[in-house]
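Data file: data33.cif. Format and content: mmCIF, C-alpha atoms and all ligand atoms.
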data_run
loop_
_atom_site.label_atom_id
_atom_site.label_comp_id
_atom_site.auth_asym_id
_atom_site.auth_seq_id
_atom_site.Cartn_x
_atom_site.Cartn_y
_atom_site.Cartn_z
CA MET I 1 32.24 -19.26 66.28
CA LYS I 2 29.08 -17.26 66.60
CA ILE I 3 28.05 -14.51 64.21
CA SER I 4 28.37 -12.12 67.13
CA ASP I 5 32.08 -13.08 67.30
CA ILE I 6 32.47 -12.00 63.66
CA LYS I 7 30.93 -8.67 64.55
CA THR I 8 33.38 -8.23 67.42
CA LEU I 9 36.49 -9.45 65.56
CA LEU I 10 35.83 -7.18 62.58
CA ASP I 11 34.47 -4.30 64.64
CA ALA I 12 31.51 -4.52 62.27
CA LYS I 13 28.17 -2.80 62.22
CA VAL I 14 25.09 -5.01 61.91
CA LEU I 15 22.68 -3.74 59.22
CA CYS I 16 19.99 -6.38 59.64
CA GLY I 17 19.41 -9.80 61.17
CA GLU I 18 20.37 -8.75 64.72
CA GLU I 19 18.17 -11.58 66.01
CA HIS I 20 20.39 -14.26 64.40
CA LEU I 21 23.69 -13.18 65.99
CA ASP I 22 23.94 -16.21 68.25
CA ARG I 23 23.91 -18.67 65.38
CA ASP I 24 27.01 -20.86 64.98
CA VAL I 25 29.11 -20.71 61.82
CA PHE I 26 32.06 -22.91 60.90
CA SER I 27 33.46 -21.67 57.60
CA ALA I 28 33.50 -18.64 55.34
CA CYS I 29 34.58 -17.46 51.92
CA GLY I 30 35.68 -14.15 50.44
CA SER I 31 34.90 -13.17 46.85
CA ASP I 32 33.71 -10.37 44.60
CA MET I 33 32.76 -12.84 41.86
CA MET I 34 29.30 -14.26 42.55
CA SER I 35 29.87 -16.66 39.65
CA ASP I 36 32.73 -18.23 41.61
CA VAL I 37 30.71 -18.36 44.81
CA LEU I 38 27.97 -20.24 42.98
CA ALA I 39 30.44 -22.62 41.36
CA TYR I 40 32.96 -23.39 44.08
CA VAL I 41 31.48 -22.70 47.47
CA LYS I 42 30.00 -25.49 49.50
CA ASP I 43 28.53 -25.15 52.97
CA GLN I 44 30.26 -21.89 53.86
CA ALA I 45 27.81 -19.89 55.91
CA VAL I 46 29.55 -16.52 55.69
CA LEU I 47 30.38 -14.45 52.60
CA LEU I 48 32.85 -11.57 52.76
CA THR I 49 32.66 -9.31 49.73
CA GLY I 50 33.50 -5.88 48.39
CA LEU I 51 30.72 -6.11 45.81
CA VAL I 52 27.44 -4.40 46.57
CA ASN I 53 24.36 -5.24 44.52
CA SER I 54 21.19 -7.23 44.98
CA GLN I 55 22.74 -10.31 43.36
CA VAL I 56 25.11 -10.63 46.33
CA ILE I 57 22.08 -11.06 48.58
CA ARG I 58 20.38 -13.53 46.20
CA THR I 59 23.60 -15.53 45.72
CA ALA I 60 23.95 -15.92 49.48
CA GLU I 61 20.30 -16.93 49.74
CA MET I 62 20.68 -19.51 46.94
CA MET I 63 23.75 -20.98 48.67
CA ASP I 64 21.96 -21.22 52.05
CA MET I 65 24.48 -18.83 53.59
CA ILE I 66 23.46 -16.96 56.70
CA CYS I 67 25.73 -13.92 56.93
CA ILE I 68 27.22 -11.38 54.50
CA VAL I 69 30.03 -9.04 55.54
CA PHE I 70 30.67 -6.04 53.30
CA VAL I 71 34.29 -4.95 53.56
CA ARG I 72 35.76 -1.44 53.18
CA SER I 73 32.61 0.08 54.74
CA LYS I 74 30.53 -0.66 51.65
CA LYS I 75 26.91 0.02 52.35
CA PRO I 76 24.01 -1.85 50.73
CA THR I 77 20.90 0.09 49.71
CA ASP I 78 17.67 -0.08 51.72
CA ASP I 79 16.22 -2.38 49.02
CA MET I 80 19.10 -4.82 49.47
CA ILE I 81 18.74 -4.74 53.24
CA GLU I 82 15.02 -5.45 52.87
CA LEU I 83 15.77 -8.37 50.53
CA ALA I 84 18.22 -9.78 53.08
CA ARG I 85 15.74 -9.34 55.91
CA GLU I 86 13.10 -11.30 53.97
CA SER I 87 15.61 -14.12 53.53
CA GLY I 88 16.65 -14.17 57.17
CA LEU I 89 20.24 -13.13 56.39
CA VAL I 90 22.53 -11.17 58.67
CA LEU I 91 24.18 -8.21 56.92
CA MET I 92 27.08 -6.29 58.40
CA ASN I 93 29.81 -3.99 57.23
CA THR I 94 33.33 -3.39 58.44
CA GLU I 95 35.97 -0.73 57.74
CA LYS I 96 38.54 -3.47 57.25
CA ARG I 97 39.70 -4.54 53.81
CA MET I 98 39.08 -8.00 52.38
CA TYR I 99 42.53 -9.43 53.11
CA GLU I 100 42.61 -8.28 56.69
CA ALA I 101 39.00 -9.23 57.43
CA CYS I 102 39.48 -12.76 56.05
CA GLY I 103 42.78 -13.12 57.90
CA LEU I 104 41.29 -12.08 61.23
CA LEU I 105 38.44 -14.57 60.94
CA TYR I 106 40.66 -17.36 59.64
CA THR I 107 43.19 -17.09 62.44
CA SER I 108 40.33 -17.06 64.93
CA GLY I 109 39.20 -20.47 63.71
CA LEU I 110 36.71 -19.72 60.95
CA VAL I 111 38.13 -21.94 58.23
CA GLY I 112 37.58 -21.85 54.49
CA ASN I 113 37.33 -25.52 53.66
CA GLY I 114 34.45 -27.02 51.80
CA VAL I 115 35.67 -25.41 48.59
CA HIS I 116 35.78 -28.12 45.98
CA HIS I 117 37.60 -27.78 42.69
CA GLU I 118 36.69 -30.64 40.42
CA MET V 119 -0.12 -40.53 39.94
CA SER V 120 0.39 -37.51 37.73
CA ASP V 121 -0.23 -34.82 40.30
CA SER V 122 2.01 -31.88 39.68
CA LEU V 123 2.35 -28.28 40.73
CA ARG V 124 3.45 -25.55 38.36
CA PHE V 125 5.01 -22.15 39.06
CA HIS V 126 5.28 -19.65 36.24
CA PHE V 127 7.36 -16.45 36.08
CA ASP V 128 8.11 -13.72 33.58
CA VAL V 129 11.79 -12.86 33.73
CA ASN V 130 12.38 -9.16 33.06
CA GLY V 131 15.31 -8.76 30.70
CA GLN V 132 15.65 -5.02 31.33
CA SER V 133 16.71 -5.20 34.93
CA PHE V 134 19.87 -6.80 36.30
CA THR V 135 18.77 -5.71 39.78
CA SER V 136 15.64 -7.86 39.73
CA ALA V 137 17.30 -10.88 38.07
CA GLY V 138 16.95 -13.90 40.32
CA GLN V 139 13.57 -12.91 41.79
CA ALA V 140 11.92 -15.99 40.31
CA SER V 141 14.57 -18.28 41.81
CA VAL V 142 14.18 -16.73 45.25
CA GLN V 143 10.39 -17.25 45.03
CA VAL V 144 10.82 -20.87 43.88
CA LYS V 145 13.12 -21.53 46.80
CA LYS V 146 10.43 -20.23 49.19
CA ASN V 147 7.71 -22.29 47.48
CA LEU V 148 9.76 -25.50 47.60
CA ARG V 149 10.52 -24.94 51.30
CA GLU V 150 6.81 -24.63 51.99
CA LEU V 151 6.23 -27.92 50.15
CA GLY V 152 8.70 -29.62 52.47
CA ILE V 153 11.15 -30.62 49.72
CA PRO V 154 14.54 -31.76 51.16
CA ALA V 155 16.99 -28.87 51.67
CA GLU V 156 19.74 -30.32 49.47
CA THR V 157 17.28 -30.79 46.58
CA ILE V 158 16.07 -27.22 47.00
CA ARG V 159 19.61 -25.95 46.95
CA ARG V 160 20.38 -27.76 43.68
CA VAL V 161 17.20 -26.47 42.03
CA SER V 162 17.79 -22.92 43.28
CA ILE V 163 21.39 -22.64 42.13
CA ALA V 164 20.69 -24.15 38.70
CA MET V 165 17.65 -21.98 38.17
CA TYR V 166 19.38 -18.84 39.43
CA GLU V 167 22.31 -19.32 37.02
CA GLY V 168 19.83 -19.87 34.20
CA GLU V 169 17.76 -16.87 35.17
CA ILE V 170 20.86 -14.64 35.28
CA ASN V 171 21.83 -15.95 31.83
CA MET V 172 18.40 -15.06 30.46
CA VAL V 173 18.88 -11.50 31.67
CA ILE V 174 22.52 -10.93 30.70
CA HIS V 175 22.56 -12.85 27.41
CA ALA V 176 18.97 -13.03 26.14
CA HIS V 177 16.79 -10.01 27.16
CA GLY V 178 14.73 -12.07 29.59
CA GLY V 179 12.04 -14.67 28.99
CA GLU V 180 9.85 -17.09 30.88
CA ALA V 181 10.57 -19.57 33.64
CA ASP V 182 8.44 -22.56 34.63
CA VAL V 183 9.04 -24.90 37.52
CA ILE V 184 7.00 -28.07 37.73
CA VAL V 185 7.05 -30.17 40.86
CA TYR V 186 6.25 -33.85 40.38
CA GLU V 187 6.20 -36.51 43.04
CA ASP V 188 9.67 -37.79 42.14
CA ARG V 189 11.34 -34.85 40.39
CA ILE V 190 11.40 -31.12 39.76
CA GLU V 191 11.58 -29.74 36.24
CA ILE V 192 12.85 -26.25 35.43
CA ILE V 193 12.12 -24.82 31.98
CA LEU V 194 13.78 -21.54 31.00
CA ALA V 195 12.70 -20.14 27.63
CA ASP V 196 13.98 -16.96 26.03
CA ARG V 197 13.75 -15.23 22.68
CA GLY V 198 17.37 -14.13 22.74
CA PRO V 199 20.13 -14.58 20.15
CA GLY V 200 20.53 -18.33 20.66
CA ILE V 201 23.77 -20.15 21.42
CA PRO V 202 25.96 -20.65 18.31
CA ASN V 203 28.14 -23.41 19.76
CA ILE V 204 26.71 -25.33 22.72
CA GLU V 205 29.85 -27.41 23.28
CA LEU V 206 31.93 -24.24 23.60
CA ALA V 207 29.33 -22.52 25.81
CA MET V 208 29.39 -25.53 28.17
CA LYS V 209 33.16 -25.19 28.72
CA GLU V 210 34.17 -23.93 32.17
CA GLY V 211 35.45 -20.38 31.83
CA TYR V 212 33.95 -19.68 28.41
CA SER V 213 31.97 -16.43 28.48
CA THR V 214 30.90 -13.75 26.06
CA ALA V 215 29.73 -11.51 28.92
CA PRO V 216 30.97 -7.91 28.60
CA ASP V 217 33.20 -6.27 31.23
CA ASN V 218 30.32 -4.37 32.82
CA ILE V 219 28.69 -7.70 33.70
CA ARG V 220 31.94 -8.97 35.19
CA SER V 221 32.15 -5.87 37.38
CA LEU V 222 28.70 -6.87 38.71
CA GLY V 223 30.08 -10.25 39.83
CA PHE V 224 28.99 -12.45 36.92
CA GLY V 225 30.42 -13.65 33.63
CA ALA V 226 33.02 -16.16 34.84
CA GLY V 227 31.77 -18.72 32.35
CA MET V 228 30.71 -21.11 35.10
CA GLY V 229 26.93 -20.86 34.77
CA LEU V 230 26.08 -23.55 32.24
CA PRO V 231 28.62 -26.07 33.62
CA ASN V 232 27.26 -25.34 37.09
CA MET V 233 23.67 -25.91 35.93
CA LYS V 234 24.69 -29.27 34.51
CA ARG V 235 26.57 -30.24 37.65
CA TYR V 236 23.71 -29.44 40.01
CA THR V 237 20.98 -31.19 38.01
CA ASP V 238 20.31 -34.80 37.04
CA ASP V 239 19.56 -33.89 33.45
CA MET V 240 19.91 -30.79 31.31
CA LYS V 241 18.79 -30.26 27.74
CA ILE V 242 19.56 -27.17 25.65
CA GLU V 243 17.44 -26.38 22.60
CA THR V 244 18.59 -23.31 20.74
CA GLU V 245 18.08 -21.63 17.41
CA LEU V 246 20.14 -18.67 16.26
CA GLY V 247 18.11 -15.48 16.18
CA LYS V 248 15.09 -17.25 17.71
CA GLY V 249 16.00 -18.14 21.26
CA THR V 250 17.01 -20.79 23.74
CA THR V 251 15.05 -23.20 25.91
CA ILE V 252 16.86 -24.99 28.71
CA THR V 253 15.10 -27.85 30.48
CA MET V 254 16.58 -29.19 33.68
CA ARG V 255 15.49 -32.04 35.94
CA VAL V 256 16.37 -32.61 39.58
CA ASN V 257 15.25 -35.90 41.10
CA ILE V 258 13.69 -35.72 44.52
N1 LIG I 301 20.16 -17.97 27.38
C1 LIG I 301 21.25 -17.73 26.64
N2 LIG I 301 21.12 -17.13 25.42
C2 LIG I 301 22.21 -16.89 24.66
N3 LIG I 301 23.46 -17.22 25.01
C3 LIG I 301 23.66 -17.81 26.20
C4 LIG I 301 22.57 -18.10 27.07
N4 LIG I 301 23.07 -18.71 28.17
C5 LIG I 301 24.39 -18.80 27.99
N5 LIG I 301 24.77 -18.26 26.80
C6 LIG I 301 26.13 -18.21 26.21
O1 LIG I 301 26.93 -19.21 26.84
C7 LIG I 301 28.07 -18.59 27.48
C8 LIG I 301 28.42 -19.36 28.74
O2 LIG I 301 27.37 -19.23 29.71
P1 LIG I 301 27.73 -19.38 31.24
O3 LIG I 301 28.44 -20.67 31.43
O4 LIG I 301 26.50 -19.17 32.04
O5 LIG I 301 28.77 -18.22 31.50
P2 LIG I 301 28.57 -16.64 31.69
O6 LIG I 301 27.10 -16.38 31.87
O7 LIG I 301 29.37 -16.33 32.88
O8 LIG I 301 29.09 -16.00 30.45
C9 LIG I 301 27.65 -17.16 27.70
O9 LIG I 301 28.75 -16.28 27.83
C10 LIG I 301 26.82 -16.87 26.46
O10 LIG I 301 27.65 -16.63 25.34
MG MG I 302 26.00 -17.44 33.24
#

Representation of the structure as structure tokens:
Amino acid sequence: MKISDIKTLLDAKVLCGEEHLDRDVFSACGSDMMSDVLAYVKDQAVLLTGLVNSQVIRTAEMMDMICIVFVRSKKPTDDMIELARESGLVLMNTEKRMYEACGLLYTSGLVGNGVHHE
Amino acid sequence: MSDSLRFHFDVNGQSFTSAGQASVQVKKNLRELGIPAETIRRVSIAMYEGEINMVIHAHGGEADVIVYEDRIEIILADRGPGIPNIELAMKEGYSTAPDNIRSLGFGAGMGLPNMKRYTDDMKIETELGKGTTITMRVNI
């Protein structure tokens, strides 16, 4: 699906990266533990999280992700938005909670595979 | 050929918010050098984990990244408390991070194992009360 489909499905508000909305994404992950994202995620382009700090942006950048969705209407600071803009990331937020947001995307075809437990 | 390129950073141990700045910069620099994306990803993740560790466990320090023709070396040196038991610290899930760090999304005890997994070689030199130097190599 396209990032614009995520926006529509989650009724989300785009905070930056509007120009990348037509990029294709194939899988996503949801986590509040950046440690786990760094350890277990592989090739997921979208991160759904309820955590808001600058390390969320840097973690996504390190993992070559392209979109972060903040659930429960969490709002990043201007500094975080600027950091994301510099890295070419799309940031959005949705009123939906983690479970519902992940479920909506999953059932619409955005899978979670690529996670590898060794 | 011994041509190499060196990037040096001071890692501020006072600020969790700025932790990872050096890794973000290195990622940009390596992209500009045309290093393969998968290699950059391995370097970035390993360095980022190490940089976070320097901030949450060791009051900051210095980071050096040296790009050789066939490999990239990452040297992270701090003057923190040192690591009493390296074997234990390398175990997945082992962490001495306090709860406030966990509420910031870190402290799952996956950093050091992750650094080892993403690099071709990792060496830990540590002395209690003096500090820790971690040297990692990623082949290009
Ligand atoms: N630079 C360091 N200085 C002192 N102790 C460290 C350092 N890096 C790691 N450690 C110790 O090793 C443990 C495991 O590190 P790591 O695997 O990165 O997990 P985490 O950072 O999530 O605790 C840490 O909890 C800490 O006790
Ligand atoms: Mg760590």

For chain I against chain V, which residues fall within 12 Å using all atoms listed in the file, given as a VMD selection string? chain I and resid 31 to 43 49 to 65 77 79 to 80 83 to 84 86 to 88 117 to 118

Identify, on the basis of all atoms listed in the file, every residue whose closest approach to Leu105 of chain I does not exceed 12 Å; exclude the query and any residue fewer than 5 positions from it along the same chain; express the result as a PyMOL selection string. chain I and resi 1-3+5-11+25-30+46-48+69+96+98-100+110-112

Using all atoms listed in the file, find each residue with an atom at most 8 Å away from ligand LIG 301 (chain I) and format the answer as an NGL selection string. (:I and (35)) or (:V and (167-168 or 170-176 or 195-196 or 198-202 or 204 or 206-215 or 224-232 or 249-252))

Write out as AutoDock Vina command-line options an axis-aligned box for segment 202-214 of chain V: all of its atoms listed in the file, 3 Å added on each side, centre and edge lengths in Å with one decimal.
--center_x 30.7 --center_y -20.6 --center_z 25.2 --size_x 15.5 --size_y 19.7 --size_z 19.9

Do you have the atom CA of Met254 of chain V-atom CA of Tyr186 of chain V distance handy?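 Taking atom CA of Met254 of chain V as the start and atom CA of Tyr186 of chain V as the end point, the length is 13.2 Å.
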
Length of the atom CA of Cys67 of chain I to atom CA of Ile219 of chain V vector [Å]: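 Going from atom CA of Cys67 of chain I over to atom CA of Ile219 of chain V, I get 24.2 Å.
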